[in-house]
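Inspection log for the structure reproduced underneath, given as structure tokens.
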Amino acid sequence: MAKPFFRLQKFLRRTQFLLFFLTAAYLMAGSLLLLQRSRLVIQQGTHGTSNIQVSPVSDMVIGVGILDTRTMQNPRLSSKLLVDMDVLHDPTSDQRYGPRWLISRNSELRQLRRRWFHRFINEQEPMQATGSKVTQHTGENKGTYVGCFSDDSREKTLKGAVFYDLRKMTVSHCQEACAERAYTYAGLEYGAECYCGNKLPIMIAKQEECNNECKGEKGSICGGVNRLSVYRVEELRAGAKRRRNVIYRGCFKAPENLTVTFPASLIQLNLTVEMCSEFCSKKEFPLAIIGRPECYCGYPTMHFTLHDSVDRLFCSRLQNVSSMAEVPREENYYHVYQTPVQDTRCTDRIFLTTKSKVFVALSSFPGAGNTWARHLIEHATGYYTGSYYFDGTLYNKGFKGEKDHWRSRRTICVKTHESGKREIEMFDSAILLIRNPYKSLMAEFNRKCAGHLGYATDRNWKSKEWPDFVNSYASWWASHVLDWLKYGKHLFVIHYEDLKQNLIPKLKEMVEFLNMTVTEDRLLCVENNRDGNFKRSGARQKDFEPFTQEMKDLINSYILTVDEALKRRNLTGLPREYVPR
């Protein structure tokens, strides 16, 4: 009896020792692996282009794989992402909203969100705490350093133009941007923000309070927390173009009281357009009103809306007459020019001070004008809009809500291109922006090939990419609208073409849907700044019809399906210009 018991005891001791040994080996292996990974991260931070930084939107991708950005940037490969999609297979939805072959394209939008986040994480420069040691103002900057100033976030002095750059902001970059737009001063803040204007801030701050290093230039100061490093902008380098384009707005009848309507004036013999425009630009007025020898500066207001222009001969006749008796004084007409400076009455924007109780989406198909609509809404309401994605290009152009988490409820509405029941029902209400699919497809193809501001080349249009793109994206245009009509809780449908033709009335309707009020003068300011920073520039490369008859037949069938769905919901159908084509 004792012998078997002894053997069992011996076996248990060996087993205990074996378990102890295996546990120790497991812990050692885990430690070695952790050290190896740490070493790899340090090496990447040392030898790579940038370090990884903790992002305030990092919880957006917990549990989500990251897609290689090179894959998404390749148009041929990105079109293949549309293969495995969810088909609208609900029998009731098929009968009511359209045929089975309308496909949801949410997958590619998710990949787009991942791509922007991946770029943000891997390209962003590390946040470095900069103390009083960093006080250098490099000699390469062509402007004259003025000093460190306090920045009032509610009422900024330098608000003529605003730019952000989380990775590459430098003093020279900010100065050039302000000089190109005819501003005198350039102010840098938070190491990555650039502000332009023609008036210096009032409150001077201590020099050591401007202690944030520029994101794109080590050793240079780019302001601090609510502190501006201000430079006086001097002449641009040779070859750089100054954006001093003065745009002729037309001939208009002068208001009854010129001095009340127009705050600044100048009387000078041999007055030229350049002289008047320069005078008004220095005073930060967007309009120069000329009736030689008189020059007035001002804004569009209810007394001078710029909506009723007259024939240019009225202004020429007034200036050429030898006697003012031919034209009664109260019937004076003036030439009106747009100066290079921005109308700043509607450029101040903030995040909501309290979380929004209603979660509102600004939904559209890609290429339907979502960015433009955000620009209009932000300037009309004074609040930032958010985004379901992170687009660094949009953030750098002033859409500060791009960096905010889309579910923070600190923005007036949230941009999305998503469709599908789950994605739509997350929102309490939505503005659904619809654009002609022919225009939307071309706009999105231009963006994919040449970015937000460029145009696709003839080679792009004639390649196999274009027909593949149309075949994949045309059905998405239809399914996007149909999904939102089916699952949207509280919809306000607006057509891009109506917004463009009747800006102020339609914008007022959008603002009312958002439960906001806005003054008429602010709406006129938005109208004066209607284009924003994302109007495509340059010559269009396409001199041919990109759509084949087969493509037209396909797109027209989708248009008819969407038009019928809108009318079933007692909504206004699609504009007539959509079809025929």
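As shown in the structure tokens, the chain order sets the letters A, B, ...; within each chain, residues go from 1, and ligands are also counted from 1 in the order they appear.
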
Margin query: I'd like the neighbourhood of Met551 (chain A) as a ChimeraX atom specification, where a residue qualifies if any of its atoms comes within 8 Å (using only C-alpha atoms), though same-chain residues fewer than 5 positions away should be ignored.
Written below: /A:467,470-471

Keeping C-alpha atoms for every residue in the selection just given, could you write it to a file as a PDB file, in the first residue's frame?
```
ATOM      1  CA  PRO A 467     -16.389  52.364 -67.592  1.00  0.00           C
ATOM      2  CA  VAL A 470     -19.500  53.973 -63.891  1.00  0.00           C
ATOM      3  CA  ASN A 471     -20.724  50.377 -63.714  1.00  0.00           C
TER       4      ASN A 471
END
```

How close does each residue of region 308-398 of chain A get to region 513-526 of chain A, giving the shortest atom pair and distance in Å to one decimal for every residue with an atom at most 8 Å away, counting only C-alpha atoms, sorted by chain and residue number, as CSV?
```
residue,atom,partner,partner_atom,distance
A:Asp343,CA,A:Cys525,CA,6.3
A:Thr344,CA,A:Cys525,CA,7.9
A:Arg345,CA,A:Cys525,CA,6.5
A:Cys346,CA,A:Arg522,CA,5.9
A:Val360,CA,A:Leu514,CA,8.0
A:Leu376,CA,A:Val526,CA,6.5
A:His379,CA,A:Val526,CA,6.1
A:Ala380,CA,A:Leu523,CA,6.1
A:Thr381,CA,A:Val518,CA,6.6
```

Check: Neighbours of region 405-418 of chain A within 8 Å (only C-alpha atoms; same-chain residues fewer than 3 positions away dropped), as number ranges by chain?
Finding: A: 56-57, 60, 105-106, 109, 351-357, 359-366, 370, 374, 383-389, 401-402, 423-424, 480, 514

Margin query: I'd like the interatomic distance between CA of Thr259 (chain A) and CA of Val273 (chain A), to a tenth of an Å.
Written below: 19.7 Å

Within 8 Å of region 552-557 of chain A, which residues of region 432-533 of chain A show up? Give each one with its shortest atom-to-atom distance in Å (one decimal) and the two atoms involved, counting only C-alpha atoms, rows by chain then rising residue number, as a Markdown table.
```
| residue | atom | partner | partner_atom | distance |
| --- | --- | --- | --- | --- |
| A:Pro437 | CA | A:Ile555 | CA | 7.4 |
| A:Tyr438 | CA | A:Ile555 | CA | 7.8 |
| A:Ala474 | CA | A:Ile555 | CA | 6.3 |
| A:Ser475 | CA | A:Ile555 | CA | 8.0 |
```

Grab the residues selected above and save them as a PDB file, in the first residue's frame with C-alpha atoms.
```pdb
ATOM      1  CA  PRO A 437     -25.673  61.388 -61.173  1.00  0.00           C
ATOM      2  CA  TYR A 438     -23.874  62.402 -64.363  1.00  0.00           C
ATOM      3  CA  ALA A 474     -23.963  54.324 -60.778  1.00  0.00           C
ATOM      4  CA  SER A 475     -25.983  51.749 -58.827  1.00  0.00           C
TER       5      SER A 475
END
```
